[in-house]
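Colleague: Here's a structure for you.
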Amino acid sequence: MTRENGLTRPGLTRQGFLGAALTAAVGGGAAAQGTELHRRPIPASGEPLPVIGLGTWRGFDVGAKPAERAPLREVVATLLRQGGRVIDSSPMYGRAEGVTGDLVAEAGARERTFLATKVWTSGREAGLAQMTRSLQLLRTDRLDLMQIHNLLDWRTHLPTLRDWKAEGRIRYLGISHYTESAYDAVEAVLRAERLDVLQINYALDDRAAETRLLPLAAERGVAVLVNRPFGGGGLLRRLAQTPLPDYAAELGCASWAEILLKFVISHPAVTCAIPGTADPGHMAANLRAGTGPLPDEALRKRMAATLPG
């Protein structure tokens, strides 16, 4: 890890080198283009994940018409072509799990994707039924990550997730939330239970997770997936007519979206940001944010202090 002019340039670890070699071998495209995504290890295993993934909320809740699915097919293709892997979904996202499963299967890309979803119901039997249905919709017999969403009935579901992990039906388990008012409860579970992953909201204008949750996740060896890295969308809309700051060129950013993502993934506790999109061009821009220099701590503070209205 080196620093230069307020930027952090991540060095390539042995795991990162092996990941780059694998990406090149399967034709992922990113290494060949000289724009390889940075990777961060999942602390529980050391498995490296690309720092930019894909969320499927709203955008993937579509029907089977070719015109509806064509842009999403290209979103997934862009993710994989540029070295991404992580696709996050949920039973609460309407038809998104089924669409995701179909598109990944059509691309023959199951082994190149890291599929994550959630359980969000009460009761053991209801949880088992929902998770089994997710496996079916995602067209796989093993999920990479299952998360207890919003901590709903987590004491019931966590033993089930541990059983599924022991049986090989899931590879990692975790919790997810997006409401700051629940952070005390999230912190309590993080301290009390052994988890692999925390999914939480974090953005340049939503930094409450910095106070306790991100440091605690690092301390406890828990990977962090970041949802809402654009502040739920409102921040991007507010910045649409604002000129890019002077440091944009130093970071290699051509848009506010790239700047916002670079801020998020530059936090050392963050493993992967999962912005949602149904636009292939936006997917490509998001992935560009995961390459090149990242802001160091001094620049991060400046970014937070000078965020336009």
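Residues in the structure tokens are named by chain (A, B, ... in the order shown) and by number from 1 within that chain; ligands are numbered from 1 in the order shown.
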Tell me, as a ChimeraX atom specification, which residues lie within 9 Å of A:Val270, counting only C-alpha atoms; anything in the same chain fewer than 5 positions away does not count.
Modeller: /A:40,51,214,218,223-226,264-265
Colleague: Could you write those residues out with N, CA and C atoms, as a PDB file, in the first residue's frame?
Modeller:
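Heads up, here's the output in again.pdb:
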ATOM      1  N   ARG A  40     -10.729  -7.280  -1.838  1.00  0.00           N
ATOM      2  CA  ARG A  40     -10.560  -7.326  -0.386  1.00  0.00           C
ATOM      3  C   ARG A  40     -10.924  -8.725   0.086  1.00  0.00           C
ATOM      4  N   VAL A  51     -14.171  -5.275  -5.164  1.00  0.00           N
ATOM      5  CA  VAL A  51     -14.745  -4.269  -4.274  1.00  0.00           C
ATOM      6  C   VAL A  51     -16.047  -3.656  -4.788  1.00  0.00           C
ATOM      7  N   LEU A 214     -18.508  -0.163  11.517  1.00  0.00           N
ATOM      8  CA  LEU A 214     -17.396  -0.530  10.648  1.00  0.00           C
ATOM      9  C   LEU A 214     -16.150  -0.903  11.462  1.00  0.00           C
ATOM     10  N   ALA A 218     -14.428  -4.785  11.576  1.00  0.00           N
ATOM     11  CA  ALA A 218     -13.006  -5.054  11.366  1.00  0.00           C
ATOM     12  C   ALA A 218     -12.416  -5.796  12.566  1.00  0.00           C
ATOM     13  N   ALA A 223     -16.645  -9.443   7.196  1.00  0.00           N
ATOM     14  CA  ALA A 223     -16.661  -8.716   5.929  1.00  0.00           C
ATOM     15  C   ALA A 223     -17.847  -7.762   5.901  1.00  0.00           C
ATOM     16  N   VAL A 224     -17.718  -6.669   5.149  1.00  0.00           N
ATOM     17  CA  VAL A 224     -18.785  -5.669   5.064  1.00  0.00           C
ATOM     18  C   VAL A 224     -19.199  -5.461   3.613  1.00  0.00           C
ATOM     19  N   LEU A 225     -20.472  -5.718   3.326  1.00  0.00           N
ATOM     20  CA  LEU A 225     -21.079  -5.332   2.063  1.00  0.00           C
ATOM     21  C   LEU A 225     -21.833  -4.030   2.295  1.00  0.00           C
ATOM     22  N   VAL A 226     -21.663  -3.070   1.424  1.00  0.00           N
ATOM     23  CA  VAL A 226     -22.304  -1.768   1.590  1.00  0.00           C
ATOM     24  C   VAL A 226     -23.458  -1.622   0.606  1.00  0.00           C
ATOM     25  N   VAL A 264     -16.589   5.196  -0.494  1.00  0.00           N
ATOM     26  CA  VAL A 264     -17.079   4.047   0.271  1.00  0.00           C
ATOM     27  C   VAL A 264     -16.040   2.934   0.338  1.00  0.00           C
ATOM     28  N   ILE A 265     -15.493   2.544  -0.798  1.00  0.00           N
ATOM     29  CA  ILE A 265     -14.591   1.392  -0.804  1.00  0.00           C
ATOM     30  C   ILE A 265     -13.208   1.730  -0.261  1.00  0.00           C
TER      31      ILE A 265
END
Colleague: Give the alpha helix (DSSP H) residues of stretch 38-144 of chain A, as DSSP finds them on the backbone, and put them as a VMD selection string.
Modeller: chain A and resid 66 to 81 96 to 106 124 to 137
Colleague: Which residues, written as a list in words, have at least one atom at most 8 Å from stretch 64-79 of chain A, with only C-alpha atoms counted and residues fewer than 5 positions away on the same chain left out?
Modeller: Gly53, Leu54, Gly84, Arg85, Leu103, Val104, Ala107, Thr277, Ala278, Asp279, Pro280, Met283, Ala284 and Leu287 of chain A
Colleague: Looking only at the backbone, which of the residues in stretch 80-178 of chain A does DSSP tag as strand (DSSP E), as a list in words?
Modeller: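 Selecting the strand (DSSP E) positions of stretch 80-178 of chain A gives Val86, Ile87, Asp88, Phe114, Leu115, Ala116, Thr117, Lys118, Val119, Leu143, Asp144, Leu145, Met146, Gln147, Ile148, His149, Ile170, Arg171, Tyr172, Leu173, Gly174, Ile175 and Ser176 of chain A.
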Colleague: Please measure the separation of atom CA of A:Ile87 and atom CA of A:Thr117, giving the value in Å to one decimal.
Modeller: 8.5 Å
Colleague: Rank A:Ile42, A:Leu128, A:Ile52, A:Ile148 by their smallest atom-to-atom distance to A:Gly290, using only C-alpha atoms, and report the top residue only.
Modeller: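 Among A:Ile42, A:Leu128, A:Ile52, A:Ile148, it is A:Ile52 that comes nearest to A:Gly290.
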Colleague: Measuring atom to atom with only C-alpha atoms, identify which of A:Pro215, A:Gly63, A:Pro43, A:Gly55 is nearest to A:Asn227.
Modeller: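 Using only C-alpha atoms, A:Asn227 sits closest to A:Gly55.
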Colleague: Which stretch 206-287 of chain A residues have any atom within 12 Å of an atom of stretch 292-305 of chain A, and for each, what is the nearest pair of atoms with distance in Å to one decimal, counting only C-alpha atoms, rows sorted by chain and number, as JSON lines?
Modeller:
{"residue": "A:Asp206", "atom": "CA", "partner": "A:Ala304", "partner_atom": "CA", "distance": 10.0}
{"residue": "A:Arg207", "atom": "CA", "partner": "A:Ala304", "partner_atom": "CA", "distance": 9.1}
{"residue": "A:Leu244", "atom": "CA", "partner": "A:Met303", "partner_atom": "CA", "distance": 11.6}
{"residue": "A:Pro245", "atom": "CA", "partner": "A:Met303", "partner_atom": "CA", "distance": 9.1}
{"residue": "A:Asp246", "atom": "CA", "partner": "A:Met303", "partner_atom": "CA", "distance": 10.7}
{"residue": "A:Tyr247", "atom": "CA", "partner": "A:Leu299", "partner_atom": "CA", "distance": 8.7}
{"residue": "A:Ala248", "atom": "CA", "partner": "A:Pro295", "partner_atom": "CA", "distance": 10.2}
{"residue": "A:Ala249", "atom": "CA", "partner": "A:Pro293", "partner_atom": "CA", "distance": 10.5}
{"residue": "A:Glu250", "atom": "CA", "partner": "A:Pro293", "partner_atom": "CA", "distance": 7.9}
{"residue": "A:Leu251", "atom": "CA", "partner": "A:Pro293", "partner_atom": "CA", "distance": 5.6}
{"residue": "A:Gly252", "atom": "CA", "partner": "A:Gly292", "partner_atom": "CA", "distance": 7.0}
{"residue": "A:Cys253", "atom": "CA", "partner": "A:Gly292", "partner_atom": "CA", "distance": 9.4}
{"residue": "A:Trp256", "atom": "CA", "partner": "A:Met303", "partner_atom": "CA", "distance": 11.7}
{"residue": "A:Glu258", "atom": "CA", "partner": "A:Leu294", "partner_atom": "CA", "distance": 10.7}
{"residue": "A:Ile259", "atom": "CA", "partner": "A:Met303", "partner_atom": "CA", "distance": 9.2}
{"residue": "A:Leu260", "atom": "CA", "partner": "A:Met303", "partner_atom": "CA", "distance": 9.4}
{"residue": "A:Leu261", "atom": "CA", "partner": "A:Leu294", "partner_atom": "CA", "distance": 9.8}
{"residue": "A:Lys262", "atom": "CA", "partner": "A:Leu294", "partner_atom": "CA", "distance": 6.0}
{"residue": "A:Phe263", "atom": "CA", "partner": "A:Arg300", "partner_atom": "CA", "distance": 6.5}
{"residue": "A:Val264", "atom": "CA", "partner": "A:Arg300", "partner_atom": "CA", "distance": 9.4}
{"residue": "A:Ile265", "atom": "CA", "partner": "A:Leu294", "partner_atom": "CA", "distance": 8.0}
{"residue": "A:Ser266", "atom": "CA", "partner": "A:Leu294", "partner_atom": "CA", "distance": 5.8}
{"residue": "A:His267", "atom": "CA", "partner": "A:Glu297", "partner_atom": "CA", "distance": 8.4}
{"residue": "A:Pro268", "atom": "CA", "partner": "A:Glu297", "partner_atom": "CA", "distance": 9.9}
{"residue": "A:Leu287", "atom": "CA", "partner": "A:Gly292", "partner_atom": "CA", "distance": 10.7}
Colleague: With only C-alpha atoms as the counted atoms, please give the residues lying no more than 9 Å from A:His177, apart from itself and same-chain residues fewer than 3 positions off, as a short mmCIF file (atom, residue, chain, number, x, y, z; two decimals) with all heavy atoms, in the first residue's frame.
Modeller:
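See around_37.cif below for the written result:
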data_model
loop_
_atom_site.label_atom_id
_atom_site.label_comp_id
_atom_site.auth_asym_id
_atom_site.auth_seq_id
_atom_site.Cartn_x
_atom_site.Cartn_y
_atom_site.Cartn_z
N ILE A 148 -29.58 -12.65 7.29
CA ILE A 148 -30.83 -12.42 8.00
C ILE A 148 -31.14 -10.94 7.88
O ILE A 148 -30.45 -10.10 8.45
CB ILE A 148 -30.73 -12.85 9.47
CG1 ILE A 148 -30.31 -14.31 9.59
CG2 ILE A 148 -32.06 -12.60 10.19
CD1 ILE A 148 -29.94 -14.75 11.00
N HIS A 149 -32.19 -10.62 7.13
CA HIS A 149 -32.47 -9.23 6.81
C HIS A 149 -33.18 -8.53 7.95
O HIS A 149 -34.15 -9.05 8.52
CB HIS A 149 -33.31 -9.15 5.54
CG HIS A 149 -33.50 -7.76 5.04
ND1 HIS A 149 -32.43 -6.91 4.82
CD2 HIS A 149 -34.62 -7.05 4.72
CE1 HIS A 149 -32.89 -5.76 4.37
NE2 HIS A 149 -34.21 -5.82 4.33
N ASN A 150 -32.70 -7.34 8.26
CA ASN A 150 -33.29 -6.49 9.30
C ASN A 150 -33.38 -7.18 10.66
O ASN A 150 -34.19 -6.78 11.50
CB ASN A 150 -34.68 -6.00 8.88
CG ASN A 150 -34.62 -4.89 7.85
OD1 ASN A 150 -33.54 -4.45 7.46
ND2 ASN A 150 -35.77 -4.45 7.38
N LEU A 151 -32.57 -8.23 10.83
CA LEU A 151 -32.53 -8.98 12.09
C LEU A 151 -33.87 -9.62 12.44
O LEU A 151 -34.08 -10.01 13.60
CB LEU A 151 -32.07 -8.09 13.26
CG LEU A 151 -30.66 -7.50 13.16
CD1 LEU A 151 -30.36 -6.64 14.40
CD2 LEU A 151 -29.62 -8.61 13.04
N GLU A 180 -30.63 3.30 10.49
CA GLU A 180 -29.72 3.74 11.54
C GLU A 180 -30.29 3.51 12.94
O GLU A 180 -29.55 3.24 13.89
CB GLU A 180 -29.39 5.22 11.35
CG GLU A 180 -28.36 5.76 12.32
CD GLU A 180 -28.03 7.22 12.09
OE1 GLU A 180 -28.35 7.74 11.00
OE2 GLU A 180 -27.45 7.84 13.00
N ALA A 182 -31.60 1.06 14.06
CA ALA A 182 -31.38 -0.32 14.49
C ALA A 182 -29.91 -0.62 14.77
O ALA A 182 -29.56 -1.76 15.08
CB ALA A 182 -31.89 -1.28 13.42
N TYR A 183 -29.05 0.39 14.68
CA TYR A 183 -27.61 0.13 14.80
C TYR A 183 -27.23 -0.43 16.16
O TYR A 183 -26.29 -1.23 16.26
CB TYR A 183 -26.81 1.40 14.51
CG TYR A 183 -26.68 1.72 13.04
CD1 TYR A 183 -27.35 0.98 12.06
CD2 TYR A 183 -25.87 2.77 12.62
CE1 TYR A 183 -27.22 1.28 10.72
CE2 TYR A 183 -25.74 3.08 11.26
CZ TYR A 183 -26.42 2.33 10.33
OH TYR A 183 -26.29 2.63 9.00
N VAL A 186 -27.87 -4.07 15.86
CA VAL A 186 -26.87 -4.67 14.98
C VAL A 186 -25.55 -4.83 15.72
O VAL A 186 -24.89 -5.89 15.64
CB VAL A 186 -26.67 -3.81 13.72
CG1 VAL A 186 -25.49 -4.31 12.90
CG2 VAL A 186 -27.95 -3.81 12.87
N LEU A 198 -21.47 -8.63 7.35
CA LEU A 198 -22.45 -7.61 7.71
C LEU A 198 -22.76 -6.79 6.46
O LEU A 198 -21.84 -6.28 5.82
CB LEU A 198 -21.90 -6.68 8.79
CG LEU A 198 -22.70 -5.39 9.05
CD1 LEU A 198 -24.07 -5.70 9.64
CD2 LEU A 198 -21.92 -4.42 9.94
N GLN A 199 -24.04 -6.67 6.11
CA GLN A 199 -24.43 -5.74 5.05
C GLN A 199 -25.11 -4.54 5.70
O GLN A 199 -26.07 -4.69 6.47
CB GLN A 199 -25.39 -6.40 4.05
CG GLN A 199 -25.74 -5.47 2.90
CD GLN A 199 -26.67 -6.07 1.87
OE1 GLN A 199 -27.52 -5.38 1.32
NE2 GLN A 199 -26.52 -7.37 1.61
N ILE A 200 -24.61 -3.34 5.39
CA ILE A 200 -25.08 -2.13 6.05
C ILE A 200 -25.03 -0.97 5.08
O ILE A 200 -24.28 -1.00 4.10
CB ILE A 200 -24.22 -1.84 7.32
CG1 ILE A 200 -24.97 -0.99 8.32
CG2 ILE A 200 -22.87 -1.28 6.94
CD1 ILE A 200 -26.07 -1.71 9.06
N ASN A 201 -25.83 0.05 5.33
CA ASN A 201 -25.82 1.25 4.50
C ASN A 201 -24.66 2.16 4.92
O ASN A 201 -24.36 2.34 6.09
CB ASN A 201 -27.14 2.01 4.59
CG ASN A 201 -27.62 2.22 6.01
OD1 ASN A 201 -27.83 1.25 6.73
ND2 ASN A 201 -27.79 3.46 6.41
N ASN A 227 -24.65 -1.45 1.16
CA ASN A 227 -25.79 -1.09 0.33
C ASN A 227 -26.00 0.43 0.39
O ASN A 227 -25.46 1.10 1.26
CB ASN A 227 -27.06 -1.85 0.75
CG ASN A 227 -27.45 -1.61 2.20
OD1 ASN A 227 -27.62 -0.47 2.65
ND2 ASN A 227 -27.60 -2.69 2.97
#
Colleague: When you count only C-alpha atoms, which of these residues is closest to A:Thr100: A:Leu138, A:Leu152, A:Ala273, A:Met131?
Modeller: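 Among A:Leu138, A:Leu152, A:Ala273, A:Met131, it is A:Leu138 that comes nearest to A:Thr100.
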Colleague: Kindly indicate which residue among A:Cys272, A:Leu213, A:Leu235, A:Leu204 lies nearest to A:Phe114, using only C-alpha atoms for the distances.
Modeller: A:Cys272
Colleague: Go through A:Gln147, A:Ser122, A:Thr291, A:Asn286 and flag the residue nearest A:Phe230, using only C-alpha atoms for the distances.
Modeller: A:Asn286
Colleague: At what distance in Å, to one decimal, does atom CA of A:Asp163 lie from atom CA of A:Tyr93?
Modeller: 25.4 Å
Colleague: So which one's closest to A:Leu158, A:Ala188, A:Leu195, A:Ala109, A:Ile170? Using only C-alpha atoms, please.
Modeller: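 Among the listed residues, the smallest separation from A:Leu158 belongs to A:Leu195.
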